[in-house]
Amino acid sequence: MKNLFHLHWKFMKFLFSFVFLFLFLGFSSDSLTDEYVSKYTIKTGGITIGEMYWQFKSDDENYFIEVKLISRGFLSGLFKFNGYYRVEGEIKNGKFYPEAYLQNWKTNKKKRDIRIKFKKTKVVDLTQE
């Protein structure tokens with residue numbers, strides 16, 4: 001179980017790196033596409049352990065990113081996980097400014113809920129359960 005938790009942690013670090021890389025490199029032009037939706041299969045050692053659903057929406061002034069993780073495959077009977085991650089905010093002069101962040105994840109033994117609110121790029125409220 002410790003190795004699966006470590007794998008989940010590594011995956012989360014990869015996920016956030018992917019999202020930030022996408023935001024900073026993928027949107028270098030002035031025109032933004034209104035919506036991207038993707039589904040990924042998560043594998044380790046050739047064995048499917050889960051799925052990731054990813055969605056990005058934007059207009060000229062606001063953006064929304066949502067990621068859902070769900071355990072799947074043979075190992076999901078041994079180690080179940082679900083994760084939900086969302087960030088939304090404003091777009092000003094081509095830069096993304098978060099207003100709210102939500103993270104919910106659950107494994108066999110742990111549950112975590114985190115909410116962060118921002119005002120002018122500063123954290124004004126942080127709740128962790």
# chains A, B, ... in the order shown; residues from 1 in each chain; ligands from 1
>>> closest_atom_pairs(of="segment 59-81 of chain A", to="segment 100-110 of chain A", cutoff="8 Å", atoms="only C-alpha atoms", output="Markdown table")
| residue | atom | partner | partner_atom | distance |
| --- | --- | --- | --- | --- |
| A:Phe79 | CA | A:Asn108 | CA | 6.4 |
| A:Lys80 | CA | A:Thr107 | CA | 5.5 |
| A:Phe81 | CA | A:Thr107 | CA | 4.3 |
>>> select_by_dssp(residues="segment 68-124 of chain A", states="strand (DSSP E)", output="JSON, numbers by chain")
{"A": [68, 69, 70, 71, 81, 82, 83, 84, 85, 86, 87, 88, 89, 90, 91, 92, 95, 96, 97, 98, 99, 100, 101, 102, 103, 104, 105, 106, 107, 111, 112, 113, 114, 115, 116, 117, 118, 119, 122, 123, 124]}
>>> residues_around(residues="Arg115 of chain A", least_positions_apart="4", cutoff="12 Å", atoms="only C-alpha atoms", output="number ranges by chain")
A: 84-88, 99-104, 123-129
>>> write_last_selection(atoms="C-alpha atoms", output="PDB file, in the first residue's frame")
ATOM      1  CA  TYR A  84     -11.310  15.657  -7.966  1.00  0.00           C
ATOM      2  CA  TYR A  85      -9.339  18.846  -8.594  1.00  0.00           C
ATOM      3  CA  ARG A  86     -10.699  22.179  -9.802  1.00  0.00           C
ATOM      4  CA  VAL A  87      -9.298  25.662 -10.247  1.00  0.00           C
ATOM      5  CA  GLU A  88     -11.091  28.676 -11.626  1.00  0.00           C
ATOM      6  CA  GLU A  99      -9.760  32.761  -7.538  1.00  0.00           C
ATOM      7  CA  ALA A 100     -10.668  29.331  -6.129  1.00  0.00           C
ATOM      8  CA  TYR A 101      -9.019  25.917  -5.860  1.00  0.00           C
ATOM      9  CA  LEU A 102     -10.697  22.705  -4.721  1.00  0.00           C
ATOM     10  CA  GLN A 103      -9.101  19.315  -4.119  1.00  0.00           C
ATOM     11  CA  ASN A 104     -10.951  16.207  -2.941  1.00  0.00           C
ATOM     12  CA  VAL A 123      -4.509  33.342  -0.336  1.00  0.00           C
ATOM     13  CA  VAL A 124      -7.416  34.743   1.698  1.00  0.00           C
ATOM     14  CA  ASP A 125      -8.954  31.476   2.906  1.00  0.00           C
ATOM     15  CA  LEU A 126      -7.613  27.940   3.305  1.00  0.00           C
ATOM     16  CA  THR A 127      -9.691  25.016   4.559  1.00  0.00           C
ATOM     17  CA  GLN A 128      -8.332  21.502   4.971  1.00  0.00           C
ATOM     18  CA  GLU A 129     -10.349  18.574   6.287  1.00  0.00           C
TER      19      GLU A 129
END
>>> residues_around(residues="Glu90 of chain A", least_positions_apart="3", cutoff="9 Å", atoms="only C-alpha atoms", output="number ranges by chain")
A: 60-64, 95-99
>>> closest_residue(among="A:Ile116, A:Asp34, A:Asn82, A:Leu75", to="Tyr53 of chain A", atoms="only C-alpha atoms")
A:Asn82
>>> closest_residue(among="A:Gly46, A:Ser58, A:Arg72, A:Lys39", to="Gly94 of chain A", atoms="only C-alpha atoms")
A:Ser58
>>> closest_residue(among="A:Gly83, A:Glu35, A:Asn93, A:Leu78", to="Glu51 of chain A", atoms="only C-alpha atoms")
A:Gly83
>>> closest_residue(among="A:Thr41, A:Ile91, A:Gln55, A:Asp113", to="Ser71 of chain A", atoms="only C-alpha atoms")
A:Thr41
>>> select_by_dssp(residues="segment 42-109 of chain A", states="helix (DSSP H, G or I)", output="list in words")
Phe74, Leu75, Ser76 and Gly77 of chain A
